[in-house]
$ cat input37.pdb   # PDB, C-alpha atoms and all ligand atoms
MODEL        1
ATOM      1  CA  MET A   1       9.846   7.219  -0.806
ATOM      2  CA  SER A   2       8.059   6.306   2.433
ATOM      3  CA  ASN A   3       7.231   9.985   2.988
ATOM      4  CA  ARG A   4       5.419  10.177  -0.321
ATOM      5  CA  PHE A   5       3.030   7.268   0.134
ATOM      6  CA  SER A   6       1.127   5.718   3.022
ATOM      7  CA  VAL A   7      -0.558   2.365   3.489
ATOM      8  CA  GLN A   8      -4.057   2.706   4.903
ATOM      9  CA  PRO A   9      -7.189   0.606   5.499
ATOM     10  CA  CYS A  10      -9.894   0.578   2.809
ATOM     11  CA  LEU A  11     -13.442   1.844   3.155
ATOM     12  CA  PRO A  12     -16.389   1.122   0.842
ATOM     13  CA  GLU A  13     -16.317   4.779  -0.234
ATOM     14  CA  ASP A  14     -12.854   4.135  -1.708
ATOM     15  CA  ALA A  15     -14.518   2.002  -4.395
ATOM     16  CA  HIS A  16     -13.991   4.494  -7.211
ATOM     17  CA  GLY A  17     -10.308   5.155  -6.492
ATOM     18  CA  ILE A  18      -9.538   1.473  -6.024
ATOM     19  CA  ALA A  19     -11.433   0.537  -9.208
ATOM     20  CA  VAL A  20      -9.475   3.091 -11.247
ATOM     21  CA  THR A  21      -6.189   1.694  -9.938
ATOM     22  CA  MET A  22      -7.157  -1.972 -10.340
ATOM     23  CA  MET A  23      -8.627  -1.745 -13.824
ATOM     24  CA  SER A  24      -6.061   0.708 -15.226
ATOM     25  CA  SER A  25      -3.147  -1.489 -14.191
ATOM     26  CA  TRP A  26      -4.661  -4.762 -15.418
ATOM     27  CA  TRP A  27      -5.743  -3.060 -18.638
ATOM     28  CA  GLU A  28      -2.042  -2.870 -19.513
ATOM     29  CA  ASN A  29      -1.736  -6.662 -19.308
ATOM     30  CA  TRP A  30      -2.491  -8.021 -22.769
ATOM     31  CA  HIS A  31      -3.766 -11.417 -21.562
ATOM     32  CA  TRP A  32      -6.105  -9.831 -19.054
ATOM     33  CA  ARG A  33      -7.465  -7.358 -21.572
ATOM     34  CA  TYR A  34      -8.003 -10.134 -24.113
ATOM     35  CA  ARG A  35     -10.543 -11.839 -21.830
ATOM     36  CA  TRP A  36     -13.094  -9.120 -22.613
ATOM     37  CA  ALA A  37     -15.069  -9.145 -25.859
ATOM     38  CA  ASP A  38     -15.462  -5.410 -26.379
ATOM     39  CA  ALA A  39     -15.368  -3.592 -23.025
ATOM     40  CA  ASP A  40     -13.384  -0.369 -22.779
ATOM     41  CA  LEU A  41     -11.486   0.750 -19.702
ATOM     42  CA  GLU A  42     -14.190   3.171 -18.589
ATOM     43  CA  THR A  43     -16.831   0.419 -18.645
ATOM     44  CA  LEU A  44     -14.576  -1.906 -16.642
ATOM     45  CA  ILE A  45     -13.907   0.776 -14.031
ATOM     46  CA  LYS A  46     -17.657   1.388 -13.587
ATOM     47  CA  TRP A  47     -18.358  -2.358 -13.282
ATOM     48  CA  CYS A  48     -15.548  -2.878 -10.774
ATOM     49  CA  GLU A  49     -16.604   0.168  -8.748
ATOM     50  CA  THR A  50     -20.146  -1.198  -8.481
ATOM     51  CA  LYS A  51     -18.921  -4.543  -7.161
ATOM     52  CA  LEU A  52     -16.235  -3.270  -4.803
ATOM     53  CA  PRO A  53     -18.285  -2.188  -1.750
ATOM     54  CA  TRP A  54     -19.484  -5.773  -1.361
ATOM     55  CA  ASN A  55     -16.050  -7.189  -2.102
ATOM     56  CA  LEU A  56     -14.595  -4.968   0.588
ATOM     57  CA  SER A  57     -17.207  -5.640   3.232
ATOM     58  CA  SER A  58     -18.021  -9.351   2.722
ATOM     59  CA  ASN A  59     -16.216 -12.321   4.301
ATOM     60  CA  ARG A  60     -14.771  -9.979   6.912
ATOM     61  CA  PRO A  61     -13.270 -12.781   9.038
ATOM     62  CA  ALA A  62     -10.835 -13.730   6.253
ATOM     63  CA  LYS A  63     -10.411 -10.747   3.933
ATOM     64  CA  ARG A  64      -7.961  -7.957   4.601
ATOM     65  CA  HIS A  65      -7.590  -4.907   2.355
ATOM     66  CA  GLN A  66      -5.105  -2.070   2.182
ATOM     67  CA  LYS A  67      -4.699   0.876  -0.130
ATOM     68  CA  ALA A  68      -1.647   3.001  -0.838
ATOM     69  CA  ILE A  69      -2.243   6.730  -1.154
ATOM     70  CA  VAL A  70      -0.162   9.708  -2.224
ATOM     71  CA  ASN A  71       0.236  11.681   0.996
ATOM     72  CA  GLU A  72       0.063  15.045  -0.679
ATOM     73  CA  THR A  73      -3.210  14.502  -2.546
ATOM     74  CA  GLY A  74      -4.872  11.447  -0.979
ATOM     75  CA  GLU A  75      -5.066   9.817  -4.434
ATOM     76  CA  ILE A  76      -5.362   6.030  -4.265
ATOM     77  CA  VAL A  77      -2.494   4.528  -6.259
ATOM     78  CA  GLY A  78      -2.270   0.953  -4.988
ATOM     79  CA  TYR A  79      -4.443  -1.795  -3.544
ATOM     80  CA  ALA A  80      -3.721  -5.181  -1.937
ATOM     81  CA  ARG A  81      -6.165  -7.862  -0.826
ATOM     82  CA  TRP A  82      -5.063 -10.696   1.444
ATOM     83  CA  LEU A  83      -6.912 -13.783   2.686
ATOM     84  CA  LEU A  84      -6.086 -15.028   6.155
ATOM     85  CA  PRO A  85      -5.672 -18.780   6.651
ATOM     86  CA  ALA A  86      -8.594 -20.405   8.498
ATOM     87  CA  SER A  87      -6.652 -20.691  11.753
ATOM     88  CA  LEU A  88      -6.286 -16.895  11.891
ATOM     89  CA  ALA A  89      -9.635 -15.963  10.320
ATOM     90  CA  GLU A  90     -11.575 -17.816  13.013
ATOM     91  CA  ARG A  91     -10.249 -15.622  15.842
ATOM     92  CA  THR A  92     -12.860 -13.272  17.275
ATOM     93  CA  GLY A  93     -13.180 -10.329  19.672
ATOM     94  CA  ASP A  94      -9.840  -9.032  20.957
ATOM     95  CA  GLN A  95      -8.072 -11.838  19.123
ATOM     96  CA  VAL A  96      -9.045 -10.660  15.613
ATOM     97  CA  VAL A  97      -5.898 -10.714  13.504
ATOM     98  CA  TRP A  98      -4.800  -7.628  11.537
ATOM     99  CA  LYS A  99      -7.910  -5.717  12.537
ATOM    100  CA  GLU A 100      -6.601  -2.478  11.042
ATOM    101  CA  ALA A 101      -6.890  -3.993   7.544
ATOM    102  CA  GLN A 102     -10.434  -5.265   8.078
ATOM    103  CA  THR A 103     -13.172  -3.054   6.617
ATOM    104  CA  PRO A 104     -15.809  -1.869   9.100
ATOM    105  CA  LYS A 105     -18.938  -3.989   9.526
ATOM    106  CA  PRO A 106     -21.593  -2.531   7.202
ATOM    107  CA  SER A 107     -25.123  -1.664   8.378
ATOM    108  CA  VAL A 108     -27.805  -4.191   7.420
ATOM    109  CA  GLU A 109     -29.138  -1.760   4.797
ATOM    110  CA  ASP A 110     -25.737  -1.133   3.217
ATOM    111  CA  ALA A 111     -24.887  -4.842   3.219
ATOM    112  CA  ARG A 112     -28.139  -5.615   1.409
ATOM    113  CA  LYS A 113     -27.665  -2.789  -1.093
ATOM    114  CA  TRP A 114     -24.041  -3.718  -1.860
ATOM    115  CA  GLU A 115     -24.817  -7.401  -2.204
ATOM    116  CA  ASP A 116     -27.570  -6.547  -4.718
ATOM    117  CA  GLN A 117     -25.157  -4.273  -6.597
ATOM    118  CA  TRP A 118     -22.504  -7.005  -6.659
ATOM    119  CA  VAL A 119     -24.485  -9.125  -9.106
ATOM    120  CA  VAL A 120     -24.394  -6.387 -11.753
ATOM    121  CA  GLU A 121     -23.956  -7.921 -15.179
ATOM    122  CA  ALA A 122     -20.289  -8.237 -16.162
ATOM    123  CA  PRO A 123     -18.984  -6.886 -19.462
ATOM    124  CA  LYS A 124     -19.122  -9.600 -22.120
ATOM    125  CA  LEU A 125     -16.280 -12.114 -22.096
ATOM    126  CA  ARG A 126     -14.520 -13.033 -25.340
ATOM    127  CA  SER A 127     -14.934 -16.800 -24.941
ATOM    128  CA  ASP A 128     -15.784 -19.022 -21.977
ATOM    129  CA  GLU A 129     -14.020 -21.881 -23.710
ATOM    130  CA  MET A 130     -10.797 -19.887 -24.045
ATOM    131  CA  LEU A 131     -10.909 -18.818 -20.396
ATOM    132  CA  ALA A 132     -11.518 -22.387 -19.228
ATOM    133  CA  TYR A 133      -8.619 -23.594 -21.393
ATOM    134  CA  ARG A 134      -6.317 -20.915 -19.999
ATOM    135  CA  ALA A 135      -7.363 -21.581 -16.410
ATOM    136  CA  GLN A 136      -7.115 -25.371 -16.440
ATOM    137  CA  GLY A 137      -3.367 -25.724 -15.812
ATOM    138  CA  CYS A 138      -3.515 -23.031 -13.132
ATOM    139  CA  GLU A 139      -6.369 -24.656 -11.261
ATOM    140  CA  GLU A 140      -4.535 -27.987 -11.232
ATOM    141  CA  ALA A 141      -1.320 -26.385 -10.007
ATOM    142  CA  GLU A 142      -3.148 -24.523  -7.254
ATOM    143  CA  GLN A 143      -4.763 -27.747  -6.071
ATOM    144  CA  ARG A 144      -1.410 -29.543  -6.022
ATOM    145  CA  ILE A 145       0.214 -26.798  -3.971
ATOM    146  CA  MET A 146      -2.665 -26.360  -1.541
ATOM    147  CA  GLU A 147      -3.220 -30.077  -0.971
ATOM    148  CA  GLY A 148       0.456 -30.879  -0.750
ATOM    149  CA  ASP A 149       1.044 -28.541   2.150
ATOM    150  CA  GLN A 150      -0.405 -28.972   5.612
ATOM    151  CA  ILE A 151       0.455 -25.453   6.718
ATOM    152  CA  PRO A 152      -2.179 -22.969   5.629
ATOM    153  CA  PHE A 153      -1.180 -19.882   3.664
ATOM    154  CA  LEU A 154      -1.718 -16.183   3.943
ATOM    155  CA  VAL A 155      -2.850 -15.648   0.348
ATOM    156  CA  LEU A 156      -2.156 -12.487  -1.606
ATOM    157  CA  ASP A 157      -5.341 -12.336  -3.661
ATOM    158  CA  TRP A 158      -4.850  -8.972  -5.426
ATOM    159  CA  MET A 159      -1.942  -6.610  -5.878
ATOM    160  CA  THR A 160      -2.219  -3.631  -8.132
ATOM    161  CA  VAL A 161      -0.542  -0.264  -8.605
ATOM    162  CA  HIS A 162      -1.800   2.422 -10.962
ATOM    163  CA  PRO A 163       0.371   2.574 -14.134
ATOM    164  CA  SER A 164       1.263   6.236 -13.502
ATOM    165  CA  TRP A 165       2.713   5.304 -10.112
ATOM    166  CA  GLN A 166       4.568   2.082 -10.834
ATOM    167  CA  ARG A 167       8.277   1.436 -10.135
ATOM    168  CA  GLN A 168       8.265   3.840  -7.189
ATOM    169  CA  GLY A 169       8.049   1.274  -4.409
ATOM    170  CA  VAL A 170       4.273   1.348  -3.841
ATOM    171  CA  ALA A 171       3.751  -2.409  -4.229
ATOM    172  CA  THR A 172       6.799  -3.077  -2.063
ATOM    173  CA  MET A 173       5.223  -1.009   0.730
ATOM    174  CA  LEU A 174       1.948  -2.935   0.450
ATOM    175  CA  MET A 175       3.824  -6.252   0.403
ATOM    176  CA  LYS A 176       5.829  -5.394   3.499
ATOM    177  CA  SER A 177       2.680  -4.592   5.406
ATOM    178  CA  GLY A 178       1.135  -8.023   4.682
ATOM    179  CA  LEU A 179       4.349  -9.961   5.168
ATOM    180  CA  GLU A 180       4.777  -8.396   8.569
ATOM    181  CA  ILE A 181       1.602 -10.281   9.529
ATOM    182  CA  ALA A 182       2.896 -13.488   7.899
ATOM    183  CA  ASP A 183       6.054 -13.268   9.995
ATOM    184  CA  ARG A 184       4.312 -12.253  13.198
ATOM    185  CA  TYR A 185       2.019 -15.295  13.026
ATOM    186  CA  GLN A 186       4.620 -17.531  11.356
ATOM    187  CA  GLN A 187       2.490 -18.249   8.292
ATOM    188  CA  LYS A 188       3.615 -19.234   4.834
ATOM    189  CA  ALA A 189       2.402 -16.822   2.164
ATOM    190  CA  PHE A 190       1.154 -17.776  -1.296
ATOM    191  CA  VAL A 191       0.615 -15.845  -4.482
ATOM    192  CA  ILE A 192      -0.012 -16.531  -8.151
ATOM    193  CA  GLY A 193       2.034 -13.956  -9.999
ATOM    194  CA  THR A 194       2.379 -12.561 -13.463
ATOM    195  CA  SER A 195       5.963 -12.366 -14.715
ATOM    196  CA  GLU A 196       6.190  -8.695 -13.612
ATOM    197  CA  GLY A 197       4.669  -9.569 -10.243
ATOM    198  CA  ALA A 198       7.077 -12.502  -9.800
ATOM    199  CA  LYS A 199      10.063 -10.143  -9.802
ATOM    200  CA  LEU A 200       8.487  -8.065  -7.084
ATOM    201  CA  TYR A 201       7.582 -11.131  -5.011
ATOM    202  CA  GLU A 202      11.064 -12.642  -5.326
ATOM    203  CA  ARG A 203      12.503  -9.468  -3.872
ATOM    204  CA  VAL A 204      10.442  -9.888  -0.701
ATOM    205  CA  GLY A 205      11.247 -13.567  -0.193
ATOM    206  CA  PHE A 206       8.856 -15.605  -2.347
ATOM    207  CA  LYS A 207      10.170 -18.573  -4.310
ATOM    208  CA  THR A 208       8.570 -19.973  -7.445
ATOM    209  CA  VAL A 209       7.381 -23.535  -6.829
ATOM    210  CA  GLU A 210       5.750 -23.996 -10.232
ATOM    211  CA  ILE A 211       5.321 -22.097 -13.494
ATOM    212  CA  ILE A 212       2.344 -22.760 -15.739
ATOM    213  CA  SER A 213       2.781 -21.514 -19.272
ATOM    214  CA  THR A 214      -0.187 -21.974 -21.584
ATOM    215  CA  ASP A 215      -0.107 -21.526 -25.335
ATOM    216  CA  TYR A 216      -3.608 -20.553 -26.396
ATOM    217  CA  SER A 217      -2.840 -19.366 -29.907
ATOM    218  CA  GLU A 218      -5.697 -21.545 -31.171
ATOM    219  CA  PHE A 219      -7.957 -18.984 -29.429
ATOM    220  CA  GLY A 220      -5.993 -16.009 -30.763
ATOM    221  CA  GLY A 221      -3.654 -15.673 -27.775
ATOM    222  CA  ILE A 222      -0.354 -13.951 -28.527
ATOM    223  CA  GLY A 223       2.554 -15.430 -26.604
ATOM    224  CA  PRO A 224       2.144 -17.825 -23.689
ATOM    225  CA  TYR A 225      -0.056 -17.056 -20.690
ATOM    226  CA  VAL A 226       2.404 -17.426 -17.819
ATOM    227  CA  ASN A 227       1.639 -17.763 -14.118
ATOM    228  CA  HIS A 228       4.169 -18.183 -11.322
ATOM    229  CA  PHE A 229       3.016 -20.103  -8.263
ATOM    230  CA  MET A 230       5.022 -18.726  -5.397
ATOM    231  CA  VAL A 231       5.438 -19.483  -1.712
ATOM    232  CA  ARG A 232       7.244 -17.543   0.982
ATOM    233  CA  GLU A 233       8.433 -19.088   4.240
ATOM    234  CA  PRO A 234       7.884 -16.916   7.304
ATOM    235  CA  VAL A 235      10.918 -15.183   8.713
ATOM    236  CA  LEU A 236      11.625 -15.656  12.394
ATOM    237  CA  LYS A 237      12.537 -12.290  13.858
ATOM    238  CA  GLY A 238      14.708 -12.269  16.914
TER     239      GLY A 238
HETATM  240  C1  LIG A 301       3.412  -5.696 -10.494
HETATM  241  C2  LIG A 301       3.045  -4.361  -9.841
HETATM  242  C3  LIG A 301       2.064  -4.599  -8.695
HETATM  243  C4  LIG A 301       4.334  -3.717  -9.292
HETATM  244  O1  LIG A 301       4.028  -2.501  -8.611
HETATM  245  P1  LIG A 301       5.122  -1.363  -8.347
HETATM  246  O2  LIG A 301       4.617  -0.417  -7.340
HETATM  247  O3  LIG A 301       5.550  -0.805  -9.655
HETATM  248  O4  LIG A 301       6.304  -2.228  -7.741
HETATM  249  P2  LIG A 301       7.597  -1.641  -6.964
HETATM  250  O5  LIG A 301       7.905  -0.244  -7.412
HETATM  251  O6  LIG A 301       7.433  -1.847  -5.520
HETATM  252  O7  LIG A 301       8.705  -2.606  -7.576
HETATM  253  C5  LIG A 301       9.613  -3.329  -6.797
HETATM  254  C6  LIG A 301      10.443  -4.220  -7.715
HETATM  255  O8  LIG A 301       9.628  -5.208  -8.352
HETATM  256  C7  LIG A 301      10.129  -5.435  -9.684
HETATM  257  N1  LIG A 301       9.133  -4.984 -10.677
HETATM  258  C8  LIG A 301       8.056  -4.207 -10.447
HETATM  259  N2  LIG A 301       7.365  -4.027 -11.609
HETATM  260  C9  LIG A 301       8.023  -4.689 -12.572
HETATM  261  C10 LIG A 301       7.829  -4.858 -13.971
HETATM  262  N3  LIG A 301       6.796  -4.319 -14.617
HETATM  263  N4  LIG A 301       8.720  -5.607 -14.657
HETATM  264  C11 LIG A 301       9.790  -6.155 -14.034
HETATM  265  N5  LIG A 301      10.027  -6.029 -12.700
HETATM  266  C12 LIG A 301       9.160  -5.302 -11.985
HETATM  267  C13 LIG A 301      11.402  -4.636  -9.802
HETATM  268  O9  LIG A 301      12.467  -5.439  -9.344
HETATM  269  C14 LIG A 301      11.112  -3.484  -8.851
HETATM  270  O10 LIG A 301      12.259  -2.859  -8.370
HETATM  271  P3  LIG A 301      12.968  -1.712  -9.234
HETATM  272  O11 LIG A 301      11.911  -0.758  -9.706
HETATM  273  O12 LIG A 301      13.948  -1.101  -8.259
HETATM  274  O13 LIG A 301      13.648  -2.426 -10.370
HETATM  275  C15 LIG A 301       2.433  -3.370 -10.883
HETATM  276  O14 LIG A 301       3.289  -3.329 -12.009
HETATM  277  C16 LIG A 301       1.044  -3.762 -11.347
HETATM  278  O15 LIG A 301       0.049  -3.399 -10.713
HETATM  279  N6  LIG A 301       0.959  -4.485 -12.479
HETATM  280  C17 LIG A 301      -0.303  -4.895 -13.060
HETATM  281  C18 LIG A 301      -1.044  -5.899 -12.192
HETATM  282  C19 LIG A 301      -0.134  -7.043 -11.795
HETATM  283  O16 LIG A 301       0.577  -7.634 -12.618
HETATM  284  N7  LIG A 301      -0.184  -7.350 -10.498
HETATM  285  C20 LIG A 301       0.583  -8.446  -9.924
HETATM  286  C21 LIG A 301      -0.110  -9.668 -10.284
HETATM  287  S1  LIG A 301       0.268 -10.979  -9.366
ENDMDL
END

$ encode --input "input37.pdb" --output "structure tokens"
Amino acid sequence: MSNRFSVQPCLPEDAHGIAVTMMSSWWENWHWRYRWADADLETLIKWCETKLPWNLSSNRPAKRHQKAIVNETGEIVGYARWLLPASLAERTGDQVVWKEAQTPKPSVEDARKWEDQWVVEAPKLRSDEMLAYRAQGCEEAEQRIMEGDQIPFLVLDWMTVHPSWQRQGVATMLMKSGLEIADRYQQKAFVIGTSEGAKLYERVGFKTVEIISTDYSEFGGIGPYVNHFMVREPVLKG
């Protein structure tokens, strides 16, 4: 398996490949797809691709990005975004943490161009009220977990594997890469997972601290919208 795929840093020019992977995998999640009024997958990929160069190159102190590629073809099949806790993000110069997953500093011109692009109009949402209703329990849970813990987290902000490449260990590879940093710097890690994601995260040491299940059938939602709030303790390696 490890000979087939590699984990590599992301560059702004990877925007198309990452957008295809991100949008195609989330498109398969009914609750995610339901947030959009009428957008099709192609429209979402274009929108995401336009925003990604700025996403990849902004907040460089804290954000870390990695892609998984198929060695034989170079195709991007997975993407993970992590946020360093403040204590690690503030390190500069030779002390920068996990530098290999930090995107290069953009030129002034590129930064300006990508920031302008980033505000591209989003595809129309189905209902702001429905999204606020769905998000409420999650926001409260996140606040409880963040405020109740003095130790800052390494946050897994995005994890996505293209549907054609799932169940082949790609996400596990990306997880291992980030958790190596969590263990090296003895940081707790935090993620909000879907039910599918939760299984993956449990296998690499996360434990569910809270589950928020929201019935939003009054807005047309089918089945509960379930989010697992998960924390992983760092492993001390001898
Ligand atoms: C969740 C996701 C990232 C998993 O990626 P992946 O590359 O297929 O994961 P792996 O192959 O490394 O899977 C490792 C283990 O996680 C669990 N797992 C992965 N996907 C699962 C799924 N859809 N349902 C149940 N368990 C799953 C399994 O235990 C799996 O091991 P196994 O295949 O030997 O049974 C991918 O399905 C995805 O991108 N989904 C859509 C977006 C999403 O839900 N992201 C996570 C949000 S927090």

$ residues_near_ligand --input "input37.pdb" --ligand "ligand LIG 301 (chain A)" --cutoff "10 Å" --atoms "all atoms listed in the file" --output "ChimeraX atom specification"
/A:21-29,32,68,77-80,156-176,191-204,227-230

$ resolve_selection --input "input37.pdb" --expression "the PyMOL selection byres (((chain A and resi 127) around 9) and not hetatm)" --output "list of chain:residue names"
A:Arg35, A:Trp36, A:Ala37, A:Lys124, A:Leu125, A:Arg126, A:Asp128, A:Glu129, A:Met130, A:Leu131, A:Ala132, A:Phe219

$ residues_around --input "input37.pdb" --residues "Phe153 of chain A" --least-positions-apart "5" --cutoff "12 Å" --atoms "all atoms listed in the file" --output "compact mmCIF listing (two decimals) with C-alpha atoms, in the coordinates of the input"
# COMPACT_ATOMS: atom_id res chain seq x y z
CA ALA A 62 -10.84 -13.73 6.25
CA TRP A 82 -5.06 -10.70 1.44
CA LEU A 83 -6.91 -13.78 2.69
CA LEU A 84 -6.09 -15.03 6.16
CA PRO A 85 -5.67 -18.78 6.65
CA ALA A 86 -8.59 -20.40 8.50
CA SER A 87 -6.65 -20.69 11.75
CA LEU A 88 -6.29 -16.90 11.89
CA ALA A 89 -9.64 -15.96 10.32
CA ILE A 145 0.21 -26.80 -3.97
CA MET A 146 -2.66 -26.36 -1.54
CA GLU A 147 -3.22 -30.08 -0.97
CA GLY A 148 0.46 -30.88 -0.75
CA LEU A 179 4.35 -9.96 5.17
CA ILE A 181 1.60 -10.28 9.53
CA ALA A 182 2.90 -13.49 7.90
CA ASP A 183 6.05 -13.27 9.99
CA TYR A 185 2.02 -15.30 13.03
CA GLN A 186 4.62 -17.53 11.36
CA GLN A 187 2.49 -18.25 8.29
CA LYS A 188 3.62 -19.23 4.83
CA ALA A 189 2.40 -16.82 2.16
CA PHE A 190 1.15 -17.78 -1.30
CA VAL A 191 0.62 -15.84 -4.48
CA MET A 230 5.02 -18.73 -5.40
CA VAL A 231 5.44 -19.48 -1.71
CA ARG A 232 7.24 -17.54 0.98
CA GLU A 233 8.43 -19.09 4.24
CA PRO A 234 7.88 -16.92 7.30

$ closest_residue --input "input37.pdb" --among "A:Ser177, A:Glu218, A:Trp54, A:Phe206" --to "Asp110 of chain A" --atoms "only C-alpha atoms"
A:Trp54

$ closest_residue --input "input37.pdb" --among "A:Arg184, A:Gln8, A:Val119, A:Lys207" --to "Ala101 of chain A" --atoms "only C-alpha atoms"
A:Gln8

$ resolve_selection --input "input37.pdb" --expression "the PyMOL selection byres (((chain A and resi 121) around 12) and not hetatm)" --output "list in words"
Thr43, Leu44, Lys46, Trp47, Cys48, Thr50, Lys51, Asp116, Gln117, Trp118, Val119, Val120, Ala122, Pro123, Lys124 and Leu125 of chain A

$ closest_residue --input "input37.pdb" --among "A:Pro104, A:Gly17, A:Gly93, A:Pro53" --to "Glu75 of chain A" --atoms "all atoms listed in the file"
A:Gly17

$ axis_aligned_box --input "input37.pdb" --around "segment 28-32 of chain A" --padding-each-side "4 Å" --output "AutoDock Vina command-line options"
--center_x -3.9 --center_y -7.1 --center_z -20.9 --size_x 12.4 --size_y 16.5 --size_z 11.7

$ atom_distance --input "input37.pdb" --atom1 "atom CA of Glu115 of chain A" --atom2 "atom CA of Leu52 of chain A"
9.9 Å

$ residues_around --input "input37.pdb" --residues "Tyr216 of chain A" --least-positions-apart "3" --cutoff "9 Å" --atoms "all atoms listed in the file" --output "list in words"
Met130, Tyr133, Arg134, Phe219, Gly220, Gly221, Ile222, Gly223, Pro224 and Tyr225 of chain A

$ write_last_selection --input "input37.pdb" --atoms "C-alpha atoms" --output "short mmCIF file (atom, residue, chain, number, x, y, z; two decimals), keeping the file's coordinate frame"
data_model
loop_
_atom_site.label_atom_id
_atom_site.label_comp_id
_atom_site.auth_asym_id
_atom_site.auth_seq_id
_atom_site.Cartn_x
_atom_site.Cartn_y
_atom_site.Cartn_z
CA MET A 130 -10.80 -19.89 -24.04
CA TYR A 133 -8.62 -23.59 -21.39
CA ARG A 134 -6.32 -20.92 -20.00
CA PHE A 219 -7.96 -18.98 -29.43
CA GLY A 220 -5.99 -16.01 -30.76
CA GLY A 221 -3.65 -15.67 -27.78
CA ILE A 222 -0.35 -13.95 -28.53
CA GLY A 223 2.55 -15.43 -26.60
CA PRO A 224 2.14 -17.82 -23.69
CA TYR A 225 -0.06 -17.06 -20.69
#

$ atom_distance --input "input37.pdb" --atom1 "atom CA of Asn3 of chain A" --atom2 "atom CA of Arg81 of chain A"
22.6 Å

$ resolve_selection --input "input37.pdb" --expression "the PyMOL selection byres (((chain A and resi 100) around 12) and not hetatm)" --output "number ranges by chain"
A: 7-11, 60, 63-67, 96-99, 101-104, 177-178, 181

$ atom_distance --input "input37.pdb" --atom1 "atom CA of Thr92 of chain A" --atom2 "atom CA of Trp114 of chain A"
24.1 Å

$ closest_residue --input "input37.pdb" --among "A:Ala15, A:Val20, A:Ile212, A:Val70" --to "Glu140 of chain A" --atoms "all atoms listed in the file"
A:Ile212
